[in-house]
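Heads up, upload-v9.txt below (compact mmCIF, C-alpha atoms):
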```
# COMPACT_ATOMS: atom_id res chain seq x y z
CA MET A 5 91.37 -1.55 -116.82
CA SER A 6 89.71 -4.62 -118.28
CA THR A 7 90.00 -7.92 -116.40
CA TYR A 8 90.43 -9.62 -119.76
CA PRO A 9 93.69 -8.78 -121.47
CA ARG A 10 93.65 -8.49 -125.25
CA LEU A 11 96.35 -9.75 -127.60
CA ALA A 12 97.58 -6.49 -129.09
CA ARG A 13 100.66 -7.54 -131.02
CA ILE A 14 102.28 -10.68 -132.45
CA THR A 15 105.93 -10.55 -133.48
CA LEU A 16 107.85 -13.33 -135.20
CA PHE A 17 111.62 -13.57 -135.53
CA PRO A 18 112.13 -15.84 -138.55
CA ILE A 19 115.93 -15.81 -138.22
CA LYS A 20 117.07 -15.99 -134.61
CA SER A 21 118.68 -12.71 -133.44
CA LEU A 22 117.65 -10.70 -136.51
CA ASP A 23 114.79 -8.20 -136.83
CA GLY A 24 111.22 -9.24 -136.14
CA VAL A 25 108.10 -8.93 -138.24
CA ALA A 26 104.65 -8.09 -136.87
CA VAL A 27 101.74 -10.25 -138.03
CA ASP A 28 98.01 -10.17 -137.32
CA ARG A 29 97.52 -13.92 -137.21
CA VAL A 30 99.72 -16.96 -136.67
CA ALA A 31 99.30 -20.70 -136.19
CA LEU A 32 101.11 -22.88 -133.69
CA THR A 33 103.02 -25.96 -134.69
CA ALA A 34 102.21 -29.39 -133.30
CA ALA A 35 105.25 -28.93 -131.06
CA GLY A 36 103.78 -25.76 -129.53
CA SER A 37 105.87 -23.04 -131.20
CA LEU A 38 104.68 -20.17 -133.36
CA VAL A 39 104.93 -21.13 -137.02
CA GLY A 40 107.95 -19.35 -138.47
CA ASP A 41 109.34 -18.01 -135.20
CA ARG A 42 113.09 -18.54 -134.88
CA GLU A 43 112.78 -21.18 -137.58
CA PHE A 44 116.34 -20.41 -138.68
CA ALA A 45 119.52 -19.84 -136.72
CA LEU A 46 123.10 -18.92 -137.59
CA LEU A 47 125.77 -21.35 -136.41
CA ASP A 48 129.54 -21.10 -136.23
CA THR A 49 131.97 -23.95 -136.94
CA GLN A 50 131.46 -25.32 -133.41
CA GLY A 51 127.70 -25.43 -133.86
CA LYS A 52 127.13 -22.53 -131.48
CA PHE A 53 124.61 -19.78 -132.15
CA ILE A 54 125.85 -16.56 -133.67
CA ASN A 55 123.58 -14.18 -131.80
CA GLY A 56 123.46 -10.90 -129.92
CA LYS A 57 124.66 -12.52 -126.72
CA ARG A 58 127.93 -13.60 -128.30
CA ASN A 59 128.45 -11.19 -131.20
CA ALA A 60 127.33 -7.55 -130.99
CA ALA A 61 128.02 -7.09 -134.72
CA ILE A 62 124.69 -8.74 -135.44
CA HIS A 63 122.93 -5.54 -134.33
CA HIS A 64 124.13 -3.80 -137.51
CA ILE A 65 122.22 -6.18 -139.81
CA ARG A 66 118.75 -5.07 -140.91
CA SER A 67 116.37 -7.72 -142.15
CA THR A 68 112.92 -7.50 -143.69
CA PHE A 69 110.74 -10.50 -144.47
CA ASP A 70 108.07 -11.38 -146.98
CA LEU A 71 106.64 -14.35 -145.14
CA ALA A 72 104.15 -15.28 -147.85
CA GLN A 73 106.92 -15.51 -150.45
CA ARG A 74 109.48 -16.93 -148.00
CA LEU A 75 111.93 -14.08 -148.72
CA VAL A 76 114.38 -12.19 -146.56
CA THR A 77 116.14 -8.98 -147.58
CA LEU A 78 119.36 -8.12 -145.76
CA ARG A 79 121.30 -4.88 -145.61
CA LEU A 80 123.79 -3.28 -143.28
CA GLN A 81 122.81 -0.40 -141.04
CA ALA A 82 125.65 1.67 -142.46
CA GLY A 83 127.85 1.37 -145.52
CA SER A 84 127.45 1.20 -149.26
CA GLN A 85 126.76 -2.51 -149.65
CA PRO A 86 123.46 -2.96 -151.52
CA ALA A 87 120.59 -4.92 -150.05
CA ALA A 88 120.37 -8.59 -150.99
CA THR A 89 117.25 -10.76 -151.12
CA PHE A 90 117.21 -14.53 -150.55
CA HIS A 91 114.62 -17.28 -150.57
CA LEU A 92 114.68 -18.81 -147.11
CA ASP A 93 114.43 -22.38 -148.38
CA ARG A 94 116.09 -22.39 -151.80
CA ASP A 95 118.93 -19.91 -151.22
CA GLN A 96 120.38 -21.13 -147.95
CA GLU A 97 123.86 -21.65 -149.39
CA ALA A 98 123.96 -18.08 -150.73
CA LEU A 99 122.49 -16.81 -147.48
CA ALA A 100 125.21 -18.58 -145.51
CA THR A 101 127.83 -17.01 -147.77
CA TRP A 102 126.40 -13.52 -147.11
CA PHE A 103 126.64 -14.04 -143.35
CA SER A 104 130.08 -15.68 -143.63
CA ASP A 105 131.39 -12.66 -145.50
CA TYR A 106 129.93 -10.27 -142.95
CA PHE A 107 131.10 -12.07 -139.82
CA GLN A 108 134.43 -13.08 -141.38
CA GLN A 109 133.99 -16.69 -140.32
CA PRO A 110 132.19 -19.73 -141.76
CA VAL A 111 128.46 -19.61 -141.01
CA THR A 112 125.90 -22.32 -141.56
CA ILE A 113 122.11 -21.98 -141.59
CA ALA A 114 120.16 -24.30 -139.29
CA GLN A 115 116.42 -24.82 -139.78
CA ASN A 116 113.76 -26.34 -137.51
CA HIS A 117 110.19 -26.18 -138.83
CA GLU A 118 108.44 -27.51 -135.74
CA ALA A 119 110.20 -26.29 -132.59
CA GLY A 120 112.39 -23.47 -133.88
CA PHE A 121 115.37 -22.41 -131.78
CA PRO A 122 113.95 -20.93 -128.54
CA ASP A 123 116.21 -19.34 -125.95
CA ASP A 124 114.68 -21.49 -123.21
CA PRO A 125 114.30 -25.10 -124.42
CA ALA A 126 112.36 -25.94 -121.24
CA ALA A 127 109.78 -23.24 -122.05
CA TRP A 128 109.54 -23.44 -125.80
CA GLY A 129 106.29 -21.53 -126.25
CA PRO A 130 106.03 -17.85 -127.23
CA THR A 131 107.16 -15.21 -124.77
CA LEU A 132 104.58 -12.75 -123.45
CA ILE A 133 104.57 -9.23 -121.98
CA SER A 134 102.08 -6.38 -121.53
CA THR A 135 102.26 -3.05 -123.32
CA GLY A 136 102.03 -1.36 -119.93
CA SER A 137 105.13 -3.17 -118.70
CA ILE A 138 107.11 -2.10 -121.75
CA ALA A 139 105.99 1.52 -121.31
CA THR A 140 106.82 1.51 -117.59
CA VAL A 141 110.29 0.04 -118.07
CA ALA A 142 111.02 2.46 -120.93
CA SER A 143 110.13 5.35 -118.59
CA TRP A 144 113.02 4.37 -116.32
CA PHE A 145 115.48 5.53 -119.01
CA PRO A 146 115.41 9.14 -120.30
CA ASP A 147 116.22 8.37 -123.94
CA LEU A 148 114.49 4.99 -124.35
CA THR A 149 111.25 4.81 -126.34
CA VAL A 150 108.60 2.12 -126.08
CA ALA A 151 109.32 1.03 -129.66
CA GLU A 152 113.05 0.73 -129.00
CA LEU A 153 112.57 -1.26 -125.79
CA ARG A 154 110.13 -3.53 -127.61
CA ASP A 155 112.82 -4.22 -130.21
CA ARG A 156 115.38 -4.95 -127.49
CA LEU A 157 113.14 -7.35 -125.56
CA ARG A 158 112.14 -9.35 -128.66
CA THR A 159 108.95 -10.72 -127.10
CA ASN A 160 106.46 -12.66 -129.26
CA LEU A 161 103.11 -11.74 -127.72
CA GLU A 162 102.06 -8.37 -126.31
CA ILE A 163 98.84 -7.89 -124.36
CA ASP A 164 97.06 -4.67 -123.43
CA GLU A 165 93.98 -3.45 -121.51
CA VAL A 166 95.76 -4.35 -118.26
CA GLU A 167 97.94 -2.51 -115.78
CA PRO A 168 101.75 -2.77 -115.97
CA PHE A 169 103.13 -6.12 -114.86
CA TRP A 170 99.70 -7.79 -114.88
CA GLU A 171 101.36 -10.74 -116.61
CA GLU A 172 103.40 -11.47 -113.46
CA GLN A 173 100.45 -13.57 -112.25
CA LEU A 174 101.03 -16.04 -115.09
CA TYR A 175 103.72 -17.99 -113.23
CA SER A 176 103.94 -19.55 -109.77
CA THR A 177 106.50 -21.45 -107.72
CA ALA A 178 109.06 -23.54 -109.56
CA GLY A 179 107.48 -26.56 -111.24
CA ASN A 180 103.94 -25.18 -110.97
CA GLY A 181 102.78 -23.56 -114.20
CA ILE A 182 99.73 -21.33 -114.50
CA PRO A 183 97.24 -22.39 -117.22
CA PHE A 184 95.63 -19.73 -119.38
CA GLN A 185 94.21 -19.35 -122.87
CA ILE A 186 94.56 -16.79 -125.62
CA GLY A 187 91.55 -17.25 -127.83
CA ALA A 188 91.20 -21.05 -127.92
CA VAL A 189 94.94 -21.77 -127.57
CA PRO A 190 95.99 -23.28 -124.21
CA PHE A 191 99.17 -22.04 -122.55
CA LEU A 192 101.10 -22.74 -119.39
CA GLY A 193 102.98 -19.82 -117.87
CA THR A 194 106.26 -21.13 -116.48
CA ASN A 195 108.64 -18.43 -115.28
CA PRO A 196 109.75 -14.81 -115.56
CA CYS A 197 112.24 -14.51 -118.41
CA GLN A 198 115.87 -14.04 -117.46
CA ARG A 199 117.30 -11.31 -119.64
CA CYS A 200 120.69 -11.32 -121.33
CA ILE A 201 123.02 -8.56 -122.50
CA VAL A 202 120.90 -7.79 -125.59
CA PRO A 203 118.36 -5.43 -123.92
CA THR A 204 121.24 -3.28 -122.65
CA ARG A 205 122.17 -2.33 -126.22
CA ASN A 206 120.58 -0.16 -128.89
CA SER A 207 118.80 -2.57 -131.25
CA GLN A 208 120.03 -0.75 -134.36
CA THR A 209 123.62 0.14 -133.43
CA GLY A 210 124.62 -2.17 -130.59
CA GLU A 211 125.65 0.85 -128.51
CA PRO A 212 125.17 0.09 -124.79
CA THR A 213 122.87 2.15 -122.59
CA ALA A 214 124.84 3.33 -119.56
CA GLN A 215 123.88 1.64 -116.27
CA PHE A 216 121.02 -0.20 -117.97
CA GLN A 217 121.17 -3.44 -116.00
CA LYS A 218 121.82 -1.71 -112.66
CA THR A 219 118.91 0.71 -113.13
CA PHE A 220 116.64 -2.03 -114.45
CA MET A 221 117.26 -4.33 -111.48
CA ALA A 222 116.78 -1.59 -108.90
CA GLN A 223 113.51 -0.47 -110.47
CA ARG A 224 112.22 -4.02 -110.92
CA GLN A 225 112.83 -4.77 -107.27
CA ALA A 226 111.10 -1.55 -106.23
CA THR A 227 108.07 -2.03 -108.50
CA LEU A 228 107.57 -5.81 -108.36
CA PRO A 229 103.80 -6.20 -107.93
CA PRO A 230 102.40 -8.05 -104.91
CA TRP A 231 100.95 -10.80 -107.11
CA ALA A 232 104.39 -11.76 -108.49
CA GLU A 233 105.86 -14.95 -107.04
CA ARG A 234 108.96 -13.51 -105.41
CA SER A 235 110.67 -16.89 -105.06
CA ARG A 236 111.26 -16.84 -108.83
CA PHE A 237 113.54 -13.81 -108.51
CA ASN A 238 116.99 -14.93 -107.48
CA HIS A 239 117.85 -11.64 -109.19
CA PHE A 240 115.71 -8.88 -110.66
CA TYR A 241 117.05 -8.86 -114.22
CA ARG A 242 113.88 -10.62 -115.36
CA LEU A 243 111.00 -9.40 -117.50
CA ALA A 244 108.30 -11.03 -119.69
CA ILE A 245 106.88 -14.52 -119.26
CA ASN A 246 108.10 -17.79 -120.70
CA THR A 247 105.41 -20.28 -121.67
CA GLN A 248 104.74 -23.79 -122.81
CA VAL A 249 102.03 -24.83 -125.25
CA PRO A 250 100.94 -28.46 -125.04
CA ALA A 251 102.21 -30.48 -127.97
CA ILE A 252 99.51 -32.41 -129.81
CA ASP A 253 99.22 -35.21 -132.30
CA PRO A 254 98.38 -33.43 -135.57
CA ASN A 255 96.03 -36.30 -136.41
CA SER A 256 94.05 -36.06 -133.16
CA ALA A 257 90.55 -34.66 -132.86
CA SER A 258 91.85 -31.66 -130.90
CA ALA A 259 94.16 -30.59 -133.71
CA ASN A 260 91.65 -28.21 -135.27
CA GLU A 261 92.56 -24.86 -136.79
CA GLU A 262 90.88 -22.74 -134.12
CA SER A 263 92.67 -24.41 -131.22
CA ARG A 264 96.08 -23.74 -132.81
CA MET A 265 95.57 -20.18 -134.12
CA LEU A 266 96.30 -16.83 -132.49
CA GLN A 267 94.96 -13.52 -133.79
CA VAL A 268 95.39 -9.93 -132.70
CA GLY A 269 92.32 -9.05 -130.65
CA ASP A 270 92.00 -12.45 -128.98
CA ARG A 271 91.25 -12.36 -125.27
CA LEU A 272 93.51 -13.87 -122.63
CA THR A 273 91.65 -15.74 -119.89
CA LEU A 274 92.96 -17.57 -116.84
CA THR A 275 91.82 -21.18 -116.65
CA LEU A 276 92.40 -21.82 -112.96
CA ASP A 277 89.90 -24.00 -111.07
```

Could you write out this structure as C-alpha cells?
Amino acid sequence: MSTYPRLARITLFPIKSLDGVAVDRVALTAAGSLVGDREFALLDTQGKFINGKRNAAIHHIRSTFDLAQRLVTLRLQAGSQPAATFHLDRDQEALATWFSDYFQQPVTIAQNHEAGFPDDPAAWGPTLISTGSIATVASWFPDLTVAELRDRLRTNLEIDEVEPFWEEQLYSTAGNGIPFQIGAVPFLGTNPCQRCIVPTRNSQTGEPTAQFQKTFMAQRQATLPPWAERSRFNHFYRLAINTQVPAIDPNSASANEESRMLQVGDRLTLTLD
C-alpha cells in the first residue's frame, strides 16, 4: 500500500438527508465547508431538522441534482407520482410544498451558503473515510454491498491506496487535532464520527438490517487498529473522521483558488512536525 493516500471520491449532499451526488472537483467556502454540501435543510414547525434520524420516511425520496443549473429532481421510490424538478434558489416555496405534502406536515426550506448544516457543528469540515474501511465493514454483513454501505454512511471524502482504517490516525486525544492536507487544502482531524440510526437502515427503503449496530460494535472493537486513539471510543459505534478546515478571510493573501480546492486524485499528506 502507498504511504500517501489518494482522494478517490467526493460526495456532496446538497439537501441534508437526501441522496448525494459525486463530483470530481469542489471548492471550500471561507467558513471551511464544501461548497454546496448540506446547503439546504428541511425544517418542521419547531425549527427541527426533518432527517433520517427522526423520520424514516425520508429514505423513500429519491433526489438527483444538476449542480451547474441549480436543479433538483424529486421522485418517490415507489408509487405513481411523477418526478418533479425545482430550481434550488427560485422554487423554494414550491419545493417546500412538495415536501409538506409528502410528510403531511408544514415544511420549510433553510439555506446556508457558507457553513451548510453539518451534523457536528464543532467539526464542520467534510467527513472522511477510506475505501478499505467501507469494504471491510460491508464484509461484516452478508447482504451489504460496498455501494450500499457508502450510501448509508454519507461521507464526503473517500481515500484509497491505504489499508482499512488507515484514517484512524487522523485524530488524537480530545482537544488535540491532527493536521493534514489534501492537495493544498489544510485540515484538522478531530474525532471518530459517532454514528446514528441511519446506517442501520437500507438507504433506499428504510428497512433495518437485523443486528446491525450490535454486529458493527463487536467487529469495530475487535478490529480497532493499534494506531487508533482508544480514549475516543466511549463506545464502538463510530466510523469515519470528522474534520475542521481553518476559516479564512476571503480577501486575505492565502485565499487563493488552489488552497481552497479539492480534486479527485489529490494526495493526502500528514503535516506533523

Which of A:Leu71, A:Leu266, A:Leu243, A:Ile182 sits closest to Leu228 of chain A [using only C-alpha atoms]: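 With only C-alpha atoms as the atom set, the closest residue is A:Leu243.
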
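For the atom pair formed by atom CA of Arg158 of chain A and atom CA of Gly83 of chain A, the distance is 25.4 Å, given to one decimal.
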
Contact residues around segment 201-205 of chain A with only C-alpha atoms at 9 Å, ignoring same-chain residues under 2 positions, as a ChimeraX atom specification: /A:56-57,60,63,153,155-158,199,207-217

Residue nearest Gln248 of chain A - candidates A:Pro110, A:Gly24, A:Gly129, A:Pro122, atoms counted: all atoms listed in the file: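 Ranking A:Pro110, A:Gly24, A:Gly129, A:Pro122 by distance to Gln248 of chain A, first place goes to A:Gly129.
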
Between atom CA of Arg242 of chain A and atom CA of Glu172 of chain A - distance in Å to one decimal: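 These atoms are spaced 10.7 Å apart.
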
Selection: 10 Å around Pro196 of chain A, all atoms listed in the file, excl. self and same-chain fewer than 5 positions, as JSON, numbers by chain: {"A": [131, 132, 133, 171, 172, 173, 174, 175, 176, 232, 233, 236, 237, 240, 241, 242, 243, 244, 245, 246, 247]}

Interatomic distance, atom CA of Arg13 of chain A to atom CA of Thr33 of chain A (Å, one decimal): 18.9 Å

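In this comparison, which uses all atoms listed in the file, the residue of A:Met221, A:Val249, A:Ile113, A:Val189 approaching Ala127 of chain A most closely is A:Val249.
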
Which residue of A:Cys200, A:Ala114, A:Leu38, A:Ala88 approaches Lys20 of chain A most closely, using only C-alpha atoms: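 Of A:Cys200, A:Ala114, A:Leu38, A:Ala88, the one nearest Lys20 of chain A, counting only C-alpha atoms, is A:Ala114.
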
Nearest residue to Thr68 of chain A from the set A:Val141, A:Asp23, A:Gly36, A:Phe44 (distances using all atoms listed in the file): A:Asp23

Output as a PDB file, keeping the file's coordinate frame: segment 62-73 of chain A, completed with all heavy atoms.
```
ATOM      1  N   ILE A  62     125.959  -8.362-134.832  1.00  0.00           N
ATOM      2  CA  ILE A  62     124.690  -8.740-135.440  1.00  0.00           C
ATOM      3  C   ILE A  62     123.674  -7.606-135.383  1.00  0.00           C
ATOM      4  O   ILE A  62     122.745  -7.550-136.189  1.00  0.00           O
ATOM      5  CB  ILE A  62     124.136 -10.027-134.770  1.00  0.00           C
ATOM      6  CG1 ILE A  62     123.212 -10.776-135.733  1.00  0.00           C
ATOM      7  CG2 ILE A  62     123.447  -9.712-133.448  1.00  0.00           C
ATOM      8  CD1 ILE A  62     122.921 -12.207-135.303  1.00  0.00           C
ATOM      9  N   HIS A  63     123.862  -6.669-134.454  1.00  0.00           N
ATOM     10  CA  HIS A  63     122.930  -5.540-134.330  1.00  0.00           C
ATOM     11  C   HIS A  63     122.944  -4.646-135.578  1.00  0.00           C
ATOM     12  O   HIS A  63     121.989  -3.911-135.820  1.00  0.00           O
ATOM     13  CB  HIS A  63     123.272  -4.697-133.114  1.00  0.00           C
ATOM     14  CG  HIS A  63     122.996  -5.387-131.806  1.00  0.00           C
ATOM     15  ND1 HIS A  63     121.728  -5.674-131.362  1.00  0.00           N
ATOM     16  CD2 HIS A  63     123.844  -5.858-130.854  1.00  0.00           C
ATOM     17  CE1 HIS A  63     121.794  -6.281-130.180  1.00  0.00           C
ATOM     18  NE2 HIS A  63     123.066  -6.407-129.855  1.00  0.00           N
ATOM     19  N   HIS A  64     124.007  -4.690-136.344  1.00  0.00           N
ATOM     20  CA  HIS A  64     124.130  -3.800-137.510  1.00  0.00           C
ATOM     21  C   HIS A  64     123.452  -4.362-138.758  1.00  0.00           C
ATOM     22  O   HIS A  64     123.426  -3.701-139.793  1.00  0.00           O
ATOM     23  CB  HIS A  64     125.619  -3.551-137.808  1.00  0.00           C
ATOM     24  CG  HIS A  64     126.331  -2.841-136.703  1.00  0.00           C
ATOM     25  ND1 HIS A  64     126.246  -1.488-136.512  1.00  0.00           N
ATOM     26  CD2 HIS A  64     127.133  -3.327-135.711  1.00  0.00           C
ATOM     27  CE1 HIS A  64     126.976  -1.143-135.453  1.00  0.00           C
ATOM     28  NE2 HIS A  64     127.520  -2.240-134.949  1.00  0.00           N
ATOM     29  N   ILE A  65     122.909  -5.572-138.662  1.00  0.00           N
ATOM     30  CA  ILE A  65     122.220  -6.180-139.810  1.00  0.00           C
ATOM     31  C   ILE A  65     120.739  -5.853-139.732  1.00  0.00           C
ATOM     32  O   ILE A  65     120.088  -6.090-138.719  1.00  0.00           O
ATOM     33  CB  ILE A  65     122.406  -7.714-139.811  1.00  0.00           C
ATOM     34  CG1 ILE A  65     123.883  -8.087-139.883  1.00  0.00           C
ATOM     35  CG2 ILE A  65     121.634  -8.331-140.984  1.00  0.00           C
ATOM     36  CD1 ILE A  65     124.140  -9.578-139.729  1.00  0.00           C
ATOM     37  N   ARG A  66     120.197  -5.317-140.815  1.00  0.00           N
ATOM     38  CA  ARG A  66     118.750  -5.070-140.910  1.00  0.00           C
ATOM     39  C   ARG A  66     118.158  -6.144-141.814  1.00  0.00           C
ATOM     40  O   ARG A  66     118.716  -6.476-142.861  1.00  0.00           O
ATOM     41  CB  ARG A  66     118.454  -3.685-141.474  1.00  0.00           C
ATOM     42  CG  ARG A  66     119.052  -2.511-140.689  1.00  0.00           C
ATOM     43  CD  ARG A  66     118.161  -2.104-139.503  1.00  0.00           C
ATOM     44  NE  ARG A  66     118.029  -3.114-138.490  1.00  0.00           N
ATOM     45  CZ  ARG A  66     118.984  -3.357-137.548  1.00  0.00           C
ATOM     46  NH1 ARG A  66     120.113  -2.680-137.562  1.00  0.00           N
ATOM     47  NH2 ARG A  66     118.792  -4.287-136.646  1.00  0.00           N
ATOM     48  N   SER A  67     117.033  -6.670-141.374  1.00  0.00           N
ATOM     49  CA  SER A  67     116.370  -7.720-142.150  1.00  0.00           C
ATOM     50  C   SER A  67     114.889  -7.400-142.271  1.00  0.00           C
ATOM     51  O   SER A  67     114.249  -6.974-141.310  1.00  0.00           O
ATOM     52  CB  SER A  67     116.565  -9.087-141.479  1.00  0.00           C
ATOM     53  OG  SER A  67     116.133  -9.050-140.132  1.00  0.00           O
ATOM     54  N   THR A  68     114.355  -7.607-143.457  1.00  0.00           N
ATOM     55  CA  THR A  68     112.920  -7.500-143.690  1.00  0.00           C
ATOM     56  C   THR A  68     112.463  -8.788-144.351  1.00  0.00           C
ATOM     57  O   THR A  68     113.207  -9.397-145.135  1.00  0.00           O
ATOM     58  CB  THR A  68     112.557  -6.288-144.566  1.00  0.00           C
ATOM     59  OG1 THR A  68     113.291  -6.364-145.794  1.00  0.00           O
ATOM     60  CG2 THR A  68     112.885  -4.979-143.867  1.00  0.00           C
ATOM     61  N   PHE A  69     111.232  -9.192-144.035  1.00  0.00           N
ATOM     62  CA  PHE A  69     110.740 -10.500-144.470  1.00  0.00           C
ATOM     63  C   PHE A  69     109.443 -10.353-145.244  1.00  0.00           C
ATOM     64  O   PHE A  69     108.579  -9.552-144.892  1.00  0.00           O
ATOM     65  CB  PHE A  69     110.511 -11.405-143.263  1.00  0.00           C
ATOM     66  CG  PHE A  69     111.757 -11.742-142.497  1.00  0.00           C
ATOM     67  CD1 PHE A  69     112.183 -10.930-141.449  1.00  0.00           C
ATOM     68  CD2 PHE A  69     112.514 -12.850-142.832  1.00  0.00           C
ATOM     69  CE1 PHE A  69     113.332 -11.232-140.748  1.00  0.00           C
ATOM     70  CE2 PHE A  69     113.674 -13.164-142.138  1.00  0.00           C
ATOM     71  CZ  PHE A  69     114.085 -12.348-141.094  1.00  0.00           C
ATOM     72  N   ASP A  70     109.332 -11.147-146.294  1.00  0.00           N
ATOM     73  CA  ASP A  70     108.070 -11.380-146.980  1.00  0.00           C
ATOM     74  C   ASP A  70     107.703 -12.824-146.664  1.00  0.00           C
ATOM     75  O   ASP A  70     108.179 -13.758-147.324  1.00  0.00           O
ATOM     76  CB  ASP A  70     108.235 -11.161-148.493  1.00  0.00           C
ATOM     77  CG  ASP A  70     106.930 -11.347-149.268  1.00  0.00           C
ATOM     78  OD1 ASP A  70     106.050 -12.102-148.778  1.00  0.00           O
ATOM     79  OD2 ASP A  70     106.800 -10.778-150.362  1.00  0.00           O
ATOM     80  N   LEU A  71     106.899 -12.996-145.624  1.00  0.00           N
ATOM     81  CA  LEU A  71     106.640 -14.350-145.140  1.00  0.00           C
ATOM     82  C   LEU A  71     105.857 -15.176-146.145  1.00  0.00           C
ATOM     83  O   LEU A  71     106.077 -16.383-146.270  1.00  0.00           O
ATOM     84  CB  LEU A  71     105.890 -14.277-143.809  1.00  0.00           C
ATOM     85  CG  LEU A  71     106.645 -13.599-142.658  1.00  0.00           C
ATOM     86  CD1 LEU A  71     105.798 -13.606-141.389  1.00  0.00           C
ATOM     87  CD2 LEU A  71     107.985 -14.268-142.408  1.00  0.00           C
ATOM     88  N   ALA A  72     104.950 -14.542-146.868  1.00  0.00           N
ATOM     89  CA  ALA A  72     104.150 -15.280-147.850  1.00  0.00           C
ATOM     90  C   ALA A  72     105.018 -15.842-148.961  1.00  0.00           C
ATOM     91  O   ALA A  72     104.793 -16.958-149.445  1.00  0.00           O
ATOM     92  CB  ALA A  72     103.064 -14.378-148.421  1.00  0.00           C
ATOM     93  N   GLN A  73     106.026 -15.074-149.373  1.00  0.00           N
ATOM     94  CA  GLN A  73     106.920 -15.510-150.450  1.00  0.00           C
ATOM     95  C   GLN A  73     108.168 -16.211-149.944  1.00  0.00           C
ATOM     96  O   GLN A  73     108.990 -16.648-150.738  1.00  0.00           O
ATOM     97  CB  GLN A  73     107.311 -14.294-151.306  1.00  0.00           C
ATOM     98  CG  GLN A  73     106.137 -13.595-151.983  1.00  0.00           C
ATOM     99  CD  GLN A  73     105.427 -14.496-152.960  1.00  0.00           C
ATOM    100  OE1 GLN A  73     106.046 -15.255-153.697  1.00  0.00           O
ATOM    101  NE2 GLN A  73     104.084 -14.420-152.955  1.00  0.00           N
TER     102      GLN A  73
END
```
